[in-house]
>>> print(open('entry.cif').read())   # mmCIF, C-alpha atoms
data_protein
loop_
_atom_site.label_atom_id
_atom_site.label_comp_id
_atom_site.auth_asym_id
_atom_site.auth_seq_id
_atom_site.Cartn_x
_atom_site.Cartn_y
_atom_site.Cartn_z
CA MET A 1 -178.44 138.37 -3.47
CA THR A 2 -176.95 136.68 -6.52
CA ALA A 3 -173.45 137.71 -5.51
CA HIS A 4 -174.04 136.31 -2.04
CA ARG A 5 -175.15 132.92 -3.39
CA TYR A 6 -172.10 132.90 -5.74
CA ALA A 7 -169.77 133.51 -2.81
CA LEU A 8 -171.42 130.71 -0.83
CA ARG A 9 -171.05 128.33 -3.75
CA ARG A 10 -167.32 129.15 -4.16
CA ALA A 11 -166.80 128.53 -0.46
CA ALA A 12 -168.58 125.15 -0.67
CA LEU A 13 -166.48 124.12 -3.67
CA ALA A 14 -163.31 125.08 -1.84
CA VAL A 15 -164.28 122.90 1.13
CA THR A 16 -165.08 119.95 -1.18
CA ALA A 17 -161.72 120.30 -2.98
CA ALA A 18 -159.83 120.43 0.31
CA THR A 19 -161.63 117.31 1.56
CA ALA A 20 -160.82 115.41 -1.64
CA ALA A 21 -157.16 116.41 -1.42
CA ALA A 22 -156.99 115.20 2.16
CA VAL A 23 -158.50 111.84 1.18
CA LEU A 24 -156.04 111.41 -1.69
CA THR A 25 -153.12 112.30 0.55
CA ALA A 26 -154.22 109.75 3.14
CA CYS A 27 -154.58 107.02 0.50
CA GLY A 28 -151.22 107.84 -0.99
CA SER A 29 -149.50 107.60 2.37
CA GLN A 30 -150.56 104.00 2.93
CA GLU A 31 -147.75 101.51 2.65
CA PRO A 32 -148.19 99.06 -0.23
CA SER A 33 -148.46 95.41 0.70
CA PRO A 34 -145.09 93.63 0.51
CA ALA A 35 -144.27 91.99 -2.79
CA GLY A 36 -145.04 88.30 -2.50
CA HIS A 37 -143.88 85.09 -4.16
CA GLY A 38 -146.96 84.68 -6.30
CA GLY A 39 -147.83 88.37 -6.48
CA HIS A 40 -151.35 87.63 -5.17
CA ASP A 41 -152.93 87.46 -1.71
CA GLY A 42 -149.89 89.15 -0.16
CA LYS A 43 -147.48 86.38 -1.15
CA PRO A 44 -143.98 87.42 -2.21
CA ALA A 45 -143.13 87.50 -5.92
CA ALA A 46 -140.73 84.78 -7.01
CA GLY A 47 -138.10 87.15 -8.38
CA ALA A 48 -138.35 89.83 -5.69
CA SER A 49 -135.98 89.94 -2.73
CA ALA A 50 -138.28 90.72 0.19
CA PRO A 51 -136.83 93.21 2.69
CA ALA A 52 -135.73 91.95 6.08
CA SER A 53 -138.42 94.20 7.62
CA ALA A 54 -141.14 91.88 6.26
CA GLY A 55 -141.01 90.01 9.56
CA SER A 56 -138.58 88.37 11.95
CA HIS A 57 -136.77 85.21 10.88
CA ASN A 58 -135.61 82.20 12.84
CA ALA A 59 -133.19 79.31 12.43
CA ALA A 60 -135.71 77.33 10.37
CA ASP A 61 -135.91 80.17 7.84
CA VAL A 62 -132.13 80.24 7.49
CA SER A 63 -131.99 76.45 7.15
CA PHE A 64 -134.74 76.51 4.52
CA ALA A 65 -132.95 79.06 2.35
CA GLN A 66 -129.52 77.48 2.75
CA GLY A 67 -130.90 74.02 1.94
CA MET A 68 -133.23 75.01 -0.89
CA ILE A 69 -130.70 77.10 -2.83
CA PRO A 70 -128.41 74.16 -3.76
CA HIS A 71 -131.51 71.99 -4.20
CA HIS A 72 -132.89 74.45 -6.76
CA ARG A 73 -129.48 74.80 -8.43
CA GLN A 74 -129.37 71.08 -9.11
CA ALA A 75 -132.88 71.13 -10.55
CA VAL A 76 -131.83 73.97 -12.87
CA VAL A 77 -128.78 71.99 -14.03
CA MET A 78 -130.99 68.98 -14.75
CA ALA A 79 -133.46 71.21 -16.60
CA ASP A 80 -130.65 72.68 -18.71
CA MET A 81 -129.68 69.17 -19.82
CA ALA A 82 -133.18 68.57 -21.18
CA GLU A 83 -132.84 71.37 -23.71
CA THR A 84 -130.37 69.37 -25.83
CA ARG A 85 -130.87 65.79 -24.64
CA ALA A 86 -134.63 65.25 -24.28
CA ALA A 87 -136.63 63.64 -27.08
CA SER A 88 -140.07 64.71 -25.87
CA GLN A 89 -141.16 68.31 -26.34
CA GLU A 90 -143.32 67.89 -23.24
CA VAL A 91 -140.22 67.09 -21.21
CA LYS A 92 -138.41 70.09 -22.70
CA ASP A 93 -141.34 72.36 -21.88
CA LEU A 94 -141.56 71.06 -18.32
CA ALA A 95 -137.83 71.56 -17.84
CA ALA A 96 -138.11 75.14 -19.10
CA GLU A 97 -140.89 75.84 -16.59
CA ILE A 98 -138.80 74.40 -13.77
CA ARG A 99 -135.87 76.61 -14.70
CA LYS A 100 -138.11 79.67 -15.08
CA ALA A 101 -139.58 79.19 -11.60
CA GLN A 102 -136.50 78.20 -9.65
CA ASP A 103 -133.87 80.63 -10.96
CA PRO A 104 -135.68 83.67 -9.47
CA GLU A 105 -136.31 81.82 -6.22
CA ILE A 106 -132.57 81.17 -5.87
CA GLU A 107 -131.96 84.89 -6.26
CA THR A 108 -134.67 85.76 -3.73
CA MET A 109 -133.42 83.33 -1.07
CA SER A 110 -129.83 84.52 -1.57
CA GLY A 111 -131.07 88.05 -0.90
CA TRP A 112 -132.73 86.95 2.32
CA LEU A 113 -129.57 85.29 3.60
CA GLU A 114 -127.45 88.34 2.75
CA SER A 115 -129.90 90.65 4.54
CA TRP A 116 -129.78 88.38 7.60
CA GLY A 117 -125.99 88.27 7.63
CA GLU A 118 -126.02 84.53 6.91
CA GLN A 119 -123.86 82.55 4.49
CA VAL A 120 -125.15 82.02 0.96
CA PRO A 121 -124.19 78.51 -0.25
CA PRO A 122 -121.26 78.64 -2.72
CA GLU A 123 -122.22 78.87 -6.40
CA THR A 124 -121.01 75.33 -7.11
CA GLU A 125 -123.01 73.71 -4.31
CA GLY A 126 -125.76 71.49 -5.66
CA THR A 127 -124.72 71.70 -9.30
CA THR A 128 -122.86 68.39 -9.61
CA GLY A 129 -124.50 66.17 -7.01
CA THR A 130 -125.27 65.76 -3.35
CA ASP A 131 -123.32 68.01 -1.03
CA HIS A 132 -122.86 65.95 2.10
CA SER A 133 -122.31 68.88 4.40
CA GLY A 134 -126.03 69.61 4.39
CA HIS A 135 -127.75 72.59 5.97
CA GLY A 136 -129.64 72.38 9.21
CA SER A 137 -132.25 69.64 9.46
CA HIS A 138 -132.98 69.73 5.74
CA GLY A 139 -129.72 68.30 4.49
CA THR A 140 -130.01 67.70 0.76
CA SER A 141 -133.34 65.87 0.69
CA GLY A 142 -134.19 64.36 -2.67
CA MET A 143 -130.98 65.45 -4.37
CA MET A 144 -129.19 63.31 -6.92
CA THR A 145 -125.76 61.82 -6.31
CA PRO A 146 -122.80 62.75 -8.53
CA GLU A 147 -123.11 59.32 -10.15
CA GLU A 148 -126.79 59.88 -10.97
CA MET A 149 -126.07 63.31 -12.41
CA SER A 150 -123.30 61.84 -14.55
CA GLU A 151 -125.63 59.08 -15.77
CA LEU A 152 -128.28 61.64 -16.70
CA GLU A 153 -125.75 63.81 -18.54
CA LYS A 154 -124.57 60.85 -20.62
CA SER A 155 -128.07 59.80 -21.69
CA SER A 156 -130.17 61.20 -24.51
CA GLY A 157 -133.48 60.69 -26.32
CA LYS A 158 -136.16 58.57 -24.68
CA ALA A 159 -133.67 57.16 -22.17
CA PHE A 160 -132.97 60.69 -21.00
CA ASP A 161 -136.67 61.50 -20.78
CA THR A 162 -137.34 58.52 -18.52
CA ALA A 163 -134.31 59.13 -16.31
CA PHE A 164 -135.04 62.85 -16.07
CA LEU A 165 -138.67 62.34 -15.07
CA GLU A 166 -137.88 59.65 -12.51
CA MET A 167 -135.09 61.70 -10.93
CA MET A 168 -137.02 64.96 -10.97
CA ILE A 169 -140.01 63.33 -9.26
CA GLU A 170 -137.76 62.29 -6.36
CA HIS A 171 -136.10 65.71 -6.43
CA HIS A 172 -139.46 67.47 -6.22
CA LYS A 173 -140.64 65.21 -3.39
CA GLY A 174 -137.58 66.26 -1.41
CA ALA A 175 -138.30 69.94 -2.08
CA VAL A 176 -141.93 69.51 -1.00
CA ALA A 177 -140.82 67.89 2.27
CA MET A 178 -138.41 70.77 2.91
CA ALA A 179 -141.13 73.32 2.13
CA GLU A 180 -143.63 71.60 4.42
CA ASP A 181 -141.07 71.77 7.23
CA GLN A 182 -140.59 75.48 6.55
CA LYS A 183 -144.34 76.12 6.65
CA GLU A 184 -144.53 74.44 10.05
CA ASN A 185 -141.39 75.78 11.69
CA GLY A 186 -140.42 79.00 9.91
CA SER A 187 -141.43 82.48 11.04
CA TYR A 188 -140.41 84.76 8.13
CA GLY A 189 -143.59 85.56 6.18
CA PRO A 190 -142.12 85.70 2.64
CA ALA A 191 -140.24 82.42 3.20
CA LYS A 192 -143.39 80.68 4.42
CA ALA A 193 -145.27 82.04 1.39
CA MET A 194 -142.57 80.75 -0.97
CA ALA A 195 -142.69 77.36 0.73
CA ASP A 196 -146.45 77.25 0.23
CA ASP A 197 -146.05 78.00 -3.48
CA ILE A 198 -143.31 75.36 -3.81
CA VAL A 199 -145.62 72.73 -2.33
CA THR A 200 -148.43 73.66 -4.72
CA ALA A 201 -146.33 74.01 -7.87
CA GLN A 202 -144.08 71.01 -7.39
CA ASN A 203 -146.88 68.66 -6.40
CA ALA A 204 -148.62 69.67 -9.64
CA GLU A 205 -145.41 68.99 -11.60
CA ILE A 206 -145.01 65.61 -9.91
CA ASP A 207 -148.50 64.74 -11.11
CA THR A 208 -147.58 65.83 -14.65
CA MET A 209 -144.38 63.80 -14.62
CA GLU A 210 -146.19 60.71 -13.34
CA LYS A 211 -148.58 61.03 -16.28
CA LEU A 212 -145.72 61.42 -18.76
CA LEU A 213 -144.23 58.20 -17.39
CA GLY A 214 -147.57 56.46 -17.89
CA ARG A 215 -148.07 55.90 -14.17
CA LYS A 216 -151.40 57.75 -14.17
#
>>> encode(input="entry.cif", output="structure tokens")
Amino acid sequence: MTAHRYALRRAALAVTAATAAAVLTACGSQEPSPAGHGGHDGKPAAGASAPASAGSHNAADVSFAQGMIPHHRQAVVMADMAETRAASQEVKDLAAEIRKAQDPEIETMSGWLESWGEQVPPETEGTTGTDHSGHGSHGTSGMMTPEEMSELEKSSGKAFDTAFLEMMIEHHKGAVAMAEDQKENGSYGPAKAMADDIVTAQNAEIDTMEKLLGRK
């Protein structure tokens, strides 16, 4: 009788183990959610190049990436200037945050364009001033002219701080407008998620810059 109960118990344990293994296998086979810009709520991570399979893209997505890449590049150049020319540590810190956020986004958008078989804007585009060729309906919204970039580069101290903040506010407003257009007209999920994050982050930075200028 004891041997019979022992055999029944071994059989029950074997069934339980097999069931658990099947559950684990099923869980392991599930596809992870695509990496997103913010890394939360399914949004793509800023530094991750989302695969082309993350959804179909349209002309608005291409225009967004091709327009935002040179736009970001110019912001990074302006931020680099602040490291040696700014007087305010707050301005230097803000510039560092801008560079930290936008460099990975440039890489991500370049990856999208390459995966779509579209042209990535040349490395020099956006670094010295407005590129008048533009891209799609976005053009170069909010970008500085070569003369403005030269003026900023020649300034230093408090004069640089003021010029940098005023120019970057306009620059950010242009980026927000481009991102809003992408949210409305784009179809590629990771690009729409990035646009949403750009709107949130850059509006917050505009508010910070307005305060640093004493406007709020």
>>> closest_residue(input="entry.cif", among="A:Asn185, A:Thr127, A:Ser141, A:Ser150", to="Met68 of chain A", atoms="only C-alpha atoms")
A:Ser141
>>> atom_distance(input="entry.cif", atom1="atom CA of Gly117 of chain A", atom2="atom CA of Glu184 of chain A")
23.3 Å
>>> resolve_selection(input="entry.cif", expression="the PyMOL selection byres ((chain A and resi 103) around 9)", output="count of residues only")
15
>>> closest_residue(input="entry.cif", among="A:Met78, A:Asp61, A:Glu166, A:Thr200", to="Glu118 of chain A", atoms="only C-alpha atoms")
A:Asp61
>>> residues_around(input="entry.cif", residues="Lys192 of chain A", least_positions_apart="4", cutoff="7 Å", atoms="only C-alpha atoms", output="PyMOL selection string")
chain A and resi 182-183+186+188+196
>>> atom_distance(input="entry.cif", atom1="atom CA of Ala195 of chain A", atom2="atom CA of Glu180 of chain A")
6.9 Å
>>> closest_residue(input="entry.cif", among="A:Ala191, A:Leu94, A:Leu165, A:Met143", to="Thr128 of chain A", atoms="all atoms listed in the file")
A:Met143
>>> closest_residue(input="entry.cif", among="A:Met81, A:Ile169, A:Leu113, A:Ala96", to="Glu151 of chain A", atoms="only C-alpha atoms")
A:Met81
>>> axis_aligned_box(input="entry.cif", around="segment 75-83 of chain A", padding_each_side="5 Å", output="AutoDock Vina command-line options")
--center_x -131.1 --center_y 71.3 --center_z -17.1 --size_x 14.7 --size_y 15.4 --size_z 23.2
>>> closest_residue(input="entry.cif", among="A:Thr162, A:Thr124, A:Glu97, A:Pro70", to="Ala201 of chain A", atoms="all atoms listed in the file")
A:Glu97
>>> closest_residue(input="entry.cif", among="A:Asp80, A:Asp207, A:Trp116, A:Gln202", to="Ala59 of chain A", atoms="only C-alpha atoms")
A:Trp116
>>> atom_distance(input="entry.cif", atom1="atom CA of His171 of chain A", atom2="atom CA of Pro146 of chain A")
13.8 Å
>>> residues_near_point(input="entry.cif", point="(-146.3, 64.7, -15.3)", cutoff="12 Å", atoms="all atoms listed in the file", output="list in words")
Glu90, Val91, Asp93, Leu94, Ala95, Asp161, Thr162, Phe164, Leu165, Glu166, Met168, Ile169, His172, Ala201, Gln202, Asn203, Ala204, Glu205, Ile206, Asp207, Thr208, Met209, Glu210, Lys211, Leu212, Leu213, Gly214, Arg215 and Lys216 of chain A
